[in-house]
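Novice: This is structure.cif, which holds mmCIF, C-alpha atoms and all ligand atoms:
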data_my_file
#
loop_
_atom_site.group_PDB
_atom_site.id
_atom_site.type_symbol
_atom_site.label_atom_id
_atom_site.label_comp_id
_atom_site.auth_asym_id
_atom_site.auth_seq_id
_atom_site.Cartn_x
_atom_site.Cartn_y
_atom_site.Cartn_z
ATOM 1 C CA MET A 29 39.552 -10.194 9.493
ATOM 2 C CA ALA A 30 39.201 -13.957 9.486
ATOM 3 C CA GLY A 31 38.928 -14.074 13.294
ATOM 4 C CA GLU A 32 35.709 -12.075 13.343
ATOM 5 C CA CYS A 33 34.276 -13.471 10.131
ATOM 6 C CA ILE A 34 30.845 -15.059 10.472
ATOM 7 C CA PHE A 35 31.435 -17.324 7.471
ATOM 8 C CA CYS A 36 34.735 -18.572 8.926
ATOM 9 C CA LYS A 37 32.816 -19.401 12.106
ATOM 10 C CA ILE A 38 30.193 -21.271 10.081
ATOM 11 C CA ALA A 39 32.946 -23.134 8.210
ATOM 12 C CA ALA A 40 34.549 -24.055 11.550
ATOM 13 C CA GLY A 41 31.218 -25.228 12.942
ATOM 14 C CA GLU A 42 31.307 -22.542 15.652
ATOM 15 C CA VAL A 43 28.108 -20.913 14.376
ATOM 16 C CA PRO A 44 25.180 -23.063 13.257
ATOM 17 C CA ALA A 45 24.002 -23.002 9.673
ATOM 18 C CA GLU A 46 21.605 -25.054 7.571
ATOM 19 C CA LYS A 47 24.312 -26.905 5.664
ATOM 20 C CA ILE A 48 23.413 -28.671 2.450
ATOM 21 C CA TYR A 49 26.871 -29.645 1.166
ATOM 22 C CA GLU A 50 30.402 -29.867 2.513
ATOM 23 C CA ASP A 51 33.732 -31.221 1.338
ATOM 24 C CA ASP A 52 37.393 -30.579 2.157
ATOM 25 C CA SER A 53 37.518 -27.127 0.603
ATOM 26 C CA LEU A 54 33.998 -25.679 0.648
ATOM 27 C CA ILE A 55 30.684 -25.572 2.372
ATOM 28 C CA ALA A 56 27.201 -24.679 1.141
ATOM 29 C CA PHE A 57 24.376 -23.545 3.388
ATOM 30 C CA LEU A 58 21.084 -21.703 3.183
ATOM 31 C CA ASP A 59 21.065 -17.906 3.405
ATOM 32 C CA ILE A 60 19.075 -16.862 6.492
ATOM 33 C CA SER A 61 17.582 -13.950 4.520
ATOM 34 C CA PRO A 62 16.519 -15.711 1.335
ATOM 35 C CA ILE A 63 15.547 -13.999 -1.893
ATOM 36 C CA SER A 64 13.629 -17.203 -2.584
ATOM 37 C CA PRO A 65 13.322 -20.424 -0.558
ATOM 38 C CA GLY A 66 16.496 -22.491 -0.858
ATOM 39 C CA HIS A 67 18.699 -19.426 -1.528
ATOM 40 C CA THR A 68 22.129 -20.968 -1.026
ATOM 41 C CA LEU A 69 25.588 -19.613 -0.290
ATOM 42 C CA ILE A 70 28.708 -21.511 -1.314
ATOM 43 C CA ILE A 71 31.930 -20.474 0.430
ATOM 44 C CA PRO A 72 35.525 -21.651 0.540
ATOM 45 C CA LYS A 73 36.487 -22.893 4.006
ATOM 46 C CA ARG A 74 39.582 -20.689 3.930
ATOM 47 C CA HIS A 75 39.074 -16.965 4.267
ATOM 48 C CA TYR A 76 39.428 -14.771 1.187
ATOM 49 C CA SER A 77 37.713 -11.391 1.097
ATOM 50 C CA ARG A 78 37.321 -11.023 -2.649
ATOM 51 C CA LEU A 79 36.965 -13.365 -5.580
ATOM 52 C CA ASP A 80 39.973 -11.736 -7.260
ATOM 53 C CA GLU A 81 42.094 -12.601 -4.194
ATOM 54 C CA CYS A 82 41.146 -16.279 -4.345
ATOM 55 C CA PRO A 83 43.701 -18.766 -5.660
ATOM 56 C CA GLU A 84 42.618 -20.363 -8.933
ATOM 57 C CA GLU A 85 42.347 -23.801 -7.336
ATOM 58 C CA VAL A 86 39.913 -22.458 -4.716
ATOM 59 C CA ILE A 87 37.759 -20.860 -7.412
ATOM 60 C CA GLY A 88 37.996 -24.115 -9.330
ATOM 61 C CA ASP A 89 36.740 -26.080 -6.334
ATOM 62 C CA LEU A 90 33.830 -23.664 -5.875
ATOM 63 C CA ALA A 91 32.949 -23.539 -9.551
ATOM 64 C CA SER A 92 33.071 -27.301 -9.879
ATOM 65 C CA LYS A 93 30.117 -27.639 -7.490
ATOM 66 C CA LEU A 94 27.949 -24.731 -8.682
ATOM 67 C CA GLY A 95 26.018 -26.733 -11.244
ATOM 68 C CA LEU A 96 25.435 -29.694 -8.954
ATOM 69 C CA ILE A 97 24.173 -27.585 -6.066
ATOM 70 C CA ALA A 98 22.167 -25.187 -8.246
ATOM 71 C CA GLY A 99 20.444 -28.139 -9.885
ATOM 72 C CA ALA A 100 19.527 -29.532 -6.474
ATOM 73 C CA VAL A 101 18.185 -26.147 -5.326
ATOM 74 C CA ALA A 102 16.129 -25.850 -8.517
ATOM 75 C CA GLN A 103 14.720 -29.332 -8.085
ATOM 76 C CA ALA A 104 13.950 -28.849 -4.380
ATOM 77 C CA GLY A 105 12.090 -25.591 -5.023
ATOM 78 C CA ASP A 106 10.587 -26.669 -8.347
ATOM 79 C CA TYR A 107 12.238 -23.626 -9.908
ATOM 80 C CA ALA A 108 12.209 -22.996 -13.632
ATOM 81 C CA GLY A 109 15.660 -21.368 -13.398
ATOM 82 C CA TYR A 110 18.242 -19.855 -11.113
ATOM 83 C CA ASN A 111 20.812 -17.068 -10.850
ATOM 84 C CA ILE A 112 24.352 -17.523 -9.580
ATOM 85 C CA PHE A 113 26.303 -14.458 -8.548
ATOM 86 C CA CYS A 114 29.206 -13.288 -6.423
ATOM 87 C CA ASN A 115 28.845 -9.786 -5.008
ATOM 88 C CA THR A 116 32.314 -8.296 -4.615
ATOM 89 C CA GLY A 117 32.855 -5.013 -2.785
ATOM 90 C CA ARG A 118 30.310 -2.788 -1.049
ATOM 91 C CA ALA A 119 29.411 -1.151 -4.361
ATOM 92 C CA ALA A 120 28.219 -4.549 -5.582
ATOM 93 C CA GLY A 121 26.331 -5.381 -2.402
ATOM 94 C CA GLN A 122 28.905 -7.576 -0.648
ATOM 95 C CA VAL A 123 27.964 -7.599 3.042
ATOM 96 C CA VAL A 124 30.181 -10.388 4.415
ATOM 97 C CA ASP A 125 33.841 -10.024 3.434
ATOM 98 C CA HIS A 126 34.344 -13.728 2.792
ATOM 99 C CA VAL A 127 33.970 -14.841 -0.806
ATOM 100 C CA HIS A 128 30.609 -16.427 -1.480
ATOM 101 C CA PHE A 129 28.464 -17.344 -4.432
ATOM 102 C CA HIS A 130 24.704 -17.000 -4.226
ATOM 103 C CA ILE A 131 22.344 -19.474 -5.861
ATOM 104 C CA VAL A 132 18.821 -18.094 -6.154
ATOM 105 C CA GLY A 133 15.973 -20.159 -7.559
ATOM 106 C CA ARG A 134 13.669 -18.326 -9.946
ATOM 107 C CA HIS A 135 10.087 -18.588 -11.091
ATOM 108 C CA PRO A 136 8.800 -16.900 -14.262
ATOM 109 C CA GLY A 137 7.599 -13.376 -13.512
ATOM 110 C CA ASP A 138 8.910 -13.326 -9.932
ATOM 111 C CA LYS A 139 10.357 -9.841 -10.506
ATOM 112 C CA VAL A 140 13.452 -10.642 -8.404
ATOM 113 C CA PHE A 141 15.868 -8.842 -10.700
ATOM 114 C CA ASP A 142 13.522 -6.539 -12.535
ATOM 115 C CA ARG A 143 16.154 -3.908 -13.170
ATOM 116 C CA TRP A 144 18.894 -4.747 -15.664
ATOM 117 C CA PRO A 145 20.155 -1.348 -16.734
ATOM 118 C CA SER A 146 21.972 -2.304 -19.903
ATOM 119 C CA GLY A 147 23.224 0.499 -22.109
ATOM 120 C CA ARG A 148 25.295 1.198 -25.207
ATOM 121 C CA TYR A 149 28.941 2.168 -25.629
ATOM 122 C CA GLU A 150 29.914 5.520 -26.996
ATOM 123 C CA GLU A 151 32.112 5.360 -30.094
ATOM 124 C CA GLY A 152 35.501 3.806 -29.223
ATOM 125 C CA ARG A 153 34.688 3.196 -25.570
ATOM 126 C CA MET A 154 34.224 -0.581 -25.885
ATOM 127 C CA GLU A 155 37.622 -0.990 -27.575
ATOM 128 C CA GLU A 156 39.207 1.253 -24.930
ATOM 129 C CA MET A 157 37.777 -0.814 -22.077
ATOM 130 C CA ALA A 158 38.741 -4.092 -23.741
ATOM 131 C CA GLY A 159 42.275 -2.784 -24.184
ATOM 132 C CA LYS A 160 42.581 -1.881 -20.504
ATOM 133 C CA ILE A 161 41.249 -5.253 -19.396
ATOM 134 C CA ARG A 162 43.532 -7.120 -21.815
ATOM 135 C CA LYS A 163 46.507 -5.121 -20.525
ATOM 136 C CA THR A 164 45.763 -6.169 -16.945
ATOM 137 C CA LEU A 165 45.313 -9.774 -18.047
ATOM 138 C CA SER A 166 48.325 -9.563 -20.392
ATOM 139 C CA GLY A 167 45.990 -10.964 -23.014
ATOM 140 C CA PRO A 168 46.077 -10.642 -26.829
HETATM 141 ZN ZN ZN A 201 35.971 -15.661 6.614
#
Render the structure in this file as structure tokens.

Specialist:
Amino acid sequence: MAGECIFCKIAAGEVPAEKIYEDDSLIAFLDISPISPGHTLIIPKRHYSRLDECPEEVIGDLASKLGLIAGAVAQAGDYAGYNIFCNTGRAAGQVVDHVHFHIVGRHPGDKVFDRWPSGRYEEGRMEEMAGKIRKTLSGP
């Protein structure tokens, strides 16, 4: 619900936020519960719950500023690197149902994302998954 959405209220200036960037279509501000100092959220000003519900031009606007803003966060925090991610759905840790990208500055050995449970496909499973995804995308 856009009317109750905290990020819509931030975008409208009705709720204060530590803004670091704003243009016609998006706003970037610091997360109040940072993983690391400078942890930034970039949101479209219009309300969309999920990334896959966002029009391409909105995603394009957001994506076009990720590098610029991430570079500034990295420089401000003297970070050696950063992660950019978009949690979508409760299963993925999305808490606010308004599309947002996180930018998190990283230092070597900070153990922020220590767990990366990569695995291996069983025989034929990778091709099966690729086929399903291609079908949805109407790809090759
Ligand atoms: Zn919203």

Novice: Nearest to Ala102 (chain A): which of A:Gly88, A:Pro83, A:Gly66, A:Gly117 is it, counting all atoms listed in the file?

Specialist: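 Smallest separation from Ala102 (chain A) among the options: A:Gly66.
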
Novice: CA of His128 (chain A) and CA of His75 (chain A), how far apart in Å?

Specialist: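 Result for CA of His75 (chain A) versus CA of His128 (chain A): 10.2 Å, one decimal.
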
Novice: Return as a ChimeraX atom specification the residues of protein, DNA or RNA that approach ligand ZN 201 (chain A) to within 9 Å, with only C-alpha atoms and all ligand atoms taken into account.

Specialist: /A:29-39,71-77,124-127

Novice: Wanna dump the region 65-99 of chain A-region 130-153 of chain A contacts at 9 Å for me, each residue with its shortest atom pair and the distance in Å to one decimal, counting only C-alpha atoms, ordered by chain and number, as a Markdown table?

Specialist:
| residue | atom | partner | partner_atom | distance |
| --- | --- | --- | --- | --- |
| A:Pro65 | CA | A:Gly133 | CA | 7.5 |
| A:Gly66 | CA | A:Gly133 | CA | 7.1 |
| A:His67 | CA | A:Val132 | CA | 4.8 |
| A:Thr68 | CA | A:Ile131 | CA | 5.1 |
| A:Leu69 | CA | A:His130 | CA | 4.8 |
| A:Ile70 | CA | A:His130 | CA | 6.7 |
| A:Leu94 | CA | A:Ile131 | CA | 8.2 |
| A:Ile97 | CA | A:Ile131 | CA | 8.3 |
| A:Ala98 | CA | A:Ile131 | CA | 6.2 |

Novice: Would you compute the distance between CA of Arg78 (chain A) and CA of Thr116 (chain A)? Give it in Å to one decimal.

Specialist: 6.0 Å

Novice: Calculate how many Å separate CA of Asp89 (chain A) from CA of Arg162 (chain A), rounding to one decimal.

Specialist: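 Between CA of Asp89 (chain A) and CA of Arg162 (chain A) the gap is 25.4 Å.
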
Novice: Nearest to Gly41 (chain A) among A:Ile161, A:Ile87, A:Ile55, A:Cys114, with distances taken over all atoms listed in the file: which residue is it?

Specialist: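 Nearest to Gly41 (chain A): A:Ile55.
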
Novice: Extract, using only C-alpha atoms, all DNA, RNA and protein residues at most 8 Å from Ile48 (chain A), discarding same-chain residues fewer than 6 positions from it, and format them as a list of chain:residue names.

Specialist: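 Final neighbour list, sorted by chain and number: A:Ile55, A:Ala56, A:Phe57, A:Leu58.
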
Novice: Could you rebuild region 52-86 of chain A with N, CA and C atoms and give it back as a compact mmCIF listing (two decimals), keeping the file's coordinate frame?

Specialist:
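This went into out25.txt:
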# COMPACT_ATOMS: atom_id res chain seq x y z
N ASP A 52 36.16 -31.04 1.52
CA ASP A 52 37.39 -30.58 2.16
C ASP A 52 37.61 -29.08 1.99
N SER A 53 37.16 -28.52 0.87
CA SER A 53 37.52 -27.13 0.60
C SER A 53 36.36 -26.14 0.69
N LEU A 54 35.13 -26.62 0.68
CA LEU A 54 34.00 -25.68 0.65
C LEU A 54 32.82 -26.18 1.45
N ILE A 55 31.92 -25.24 1.67
CA ILE A 55 30.68 -25.57 2.37
C ILE A 55 29.56 -24.77 1.72
N ALA A 56 28.38 -25.37 1.66
CA ALA A 56 27.20 -24.68 1.14
C ALA A 56 26.10 -24.75 2.19
N PHE A 57 25.44 -23.62 2.37
CA PHE A 57 24.38 -23.54 3.39
C PHE A 57 23.33 -22.53 2.94
N LEU A 58 22.18 -22.59 3.58
CA LEU A 58 21.08 -21.70 3.18
C LEU A 58 21.28 -20.32 3.79
N ASP A 59 21.04 -19.30 2.95
CA ASP A 59 21.06 -17.91 3.40
C ASP A 59 19.90 -17.70 4.37
N ILE A 60 20.16 -17.06 5.51
CA ILE A 60 19.08 -16.86 6.49
C ILE A 60 18.11 -15.76 6.08
N SER A 61 18.48 -14.99 5.06
CA SER A 61 17.58 -13.95 4.52
C SER A 61 17.36 -14.22 3.04
N PRO A 62 16.58 -15.25 2.73
CA PRO A 62 16.52 -15.71 1.34
C PRO A 62 15.76 -14.79 0.40
N ILE A 63 16.29 -14.66 -0.82
CA ILE A 63 15.55 -14.00 -1.89
C ILE A 63 14.40 -14.90 -2.32
N SER A 64 14.67 -16.21 -2.35
CA SER A 64 13.63 -17.20 -2.58
C SER A 64 14.00 -18.43 -1.75
N PRO A 65 13.02 -19.26 -1.40
CA PRO A 65 13.32 -20.42 -0.56
C PRO A 65 14.42 -21.30 -1.18
N GLY A 66 15.38 -21.70 -0.37
CA GLY A 66 16.50 -22.49 -0.86
C GLY A 66 17.69 -21.66 -1.28
N HIS A 67 17.57 -20.34 -1.23
CA HIS A 67 18.70 -19.43 -1.53
C HIS A 67 19.93 -19.93 -0.78
N THR A 68 20.95 -20.29 -1.56
CA THR A 68 22.13 -20.97 -1.03
C THR A 68 23.38 -20.12 -1.19
N LEU A 69 24.27 -20.23 -0.21
CA LEU A 69 25.59 -19.61 -0.29
C LEU A 69 26.63 -20.72 -0.33
N ILE A 70 27.58 -20.57 -1.24
CA ILE A 70 28.71 -21.51 -1.31
C ILE A 70 29.97 -20.73 -1.00
N ILE A 71 30.73 -21.20 0.00
CA ILE A 71 31.93 -20.47 0.43
C ILE A 71 33.13 -21.40 0.50
N PRO A 72 34.33 -20.86 0.26
CA PRO A 72 35.52 -21.65 0.54
C PRO A 72 35.71 -21.71 2.05
N LYS A 73 36.27 -22.80 2.56
CA LYS A 73 36.49 -22.89 4.01
C LYS A 73 37.58 -21.93 4.46
N ARG A 74 38.54 -21.67 3.60
CA ARG A 74 39.58 -20.69 3.93
C ARG A 74 39.07 -19.29 3.64
N HIS A 75 39.55 -18.34 4.40
CA HIS A 75 39.07 -16.96 4.27
C HIS A 75 39.77 -16.22 3.14
N TYR A 76 38.99 -15.74 2.20
CA TYR A 76 39.43 -14.77 1.19
C TYR A 76 38.33 -13.73 1.11
N SER A 77 38.72 -12.46 1.09
CA SER A 77 37.71 -11.39 1.10
C SER A 77 37.03 -11.25 -0.25
N ARG A 78 37.83 -11.32 -1.31
CA ARG A 78 37.32 -11.02 -2.65
C ARG A 78 37.62 -12.17 -3.60
N LEU A 79 36.76 -12.32 -4.58
CA LEU A 79 36.97 -13.36 -5.58
C LEU A 79 38.32 -13.21 -6.26
N ASP A 80 38.71 -11.95 -6.55
CA ASP A 80 39.97 -11.74 -7.26
C ASP A 80 41.20 -11.94 -6.37
N GLU A 81 40.99 -12.25 -5.09
CA GLU A 81 42.09 -12.60 -4.19
C GLU A 81 42.18 -14.11 -3.98
N CYS A 82 41.21 -14.82 -4.51
CA CYS A 82 41.15 -16.28 -4.34
C CYS A 82 42.13 -16.98 -5.27
N PRO A 83 42.88 -17.95 -4.76
CA PRO A 83 43.70 -18.77 -5.66
C PRO A 83 42.82 -19.49 -6.69
N GLU A 84 43.39 -19.72 -7.87
CA GLU A 84 42.62 -20.36 -8.93
C GLU A 84 42.05 -21.70 -8.51
N GLU A 85 42.83 -22.48 -7.72
CA GLU A 85 42.35 -23.80 -7.34
C GLU A 85 41.14 -23.71 -6.40
N VAL A 86 41.07 -22.65 -5.60
CA VAL A 86 39.91 -22.46 -4.72
C VAL A 86 38.68 -22.10 -5.55
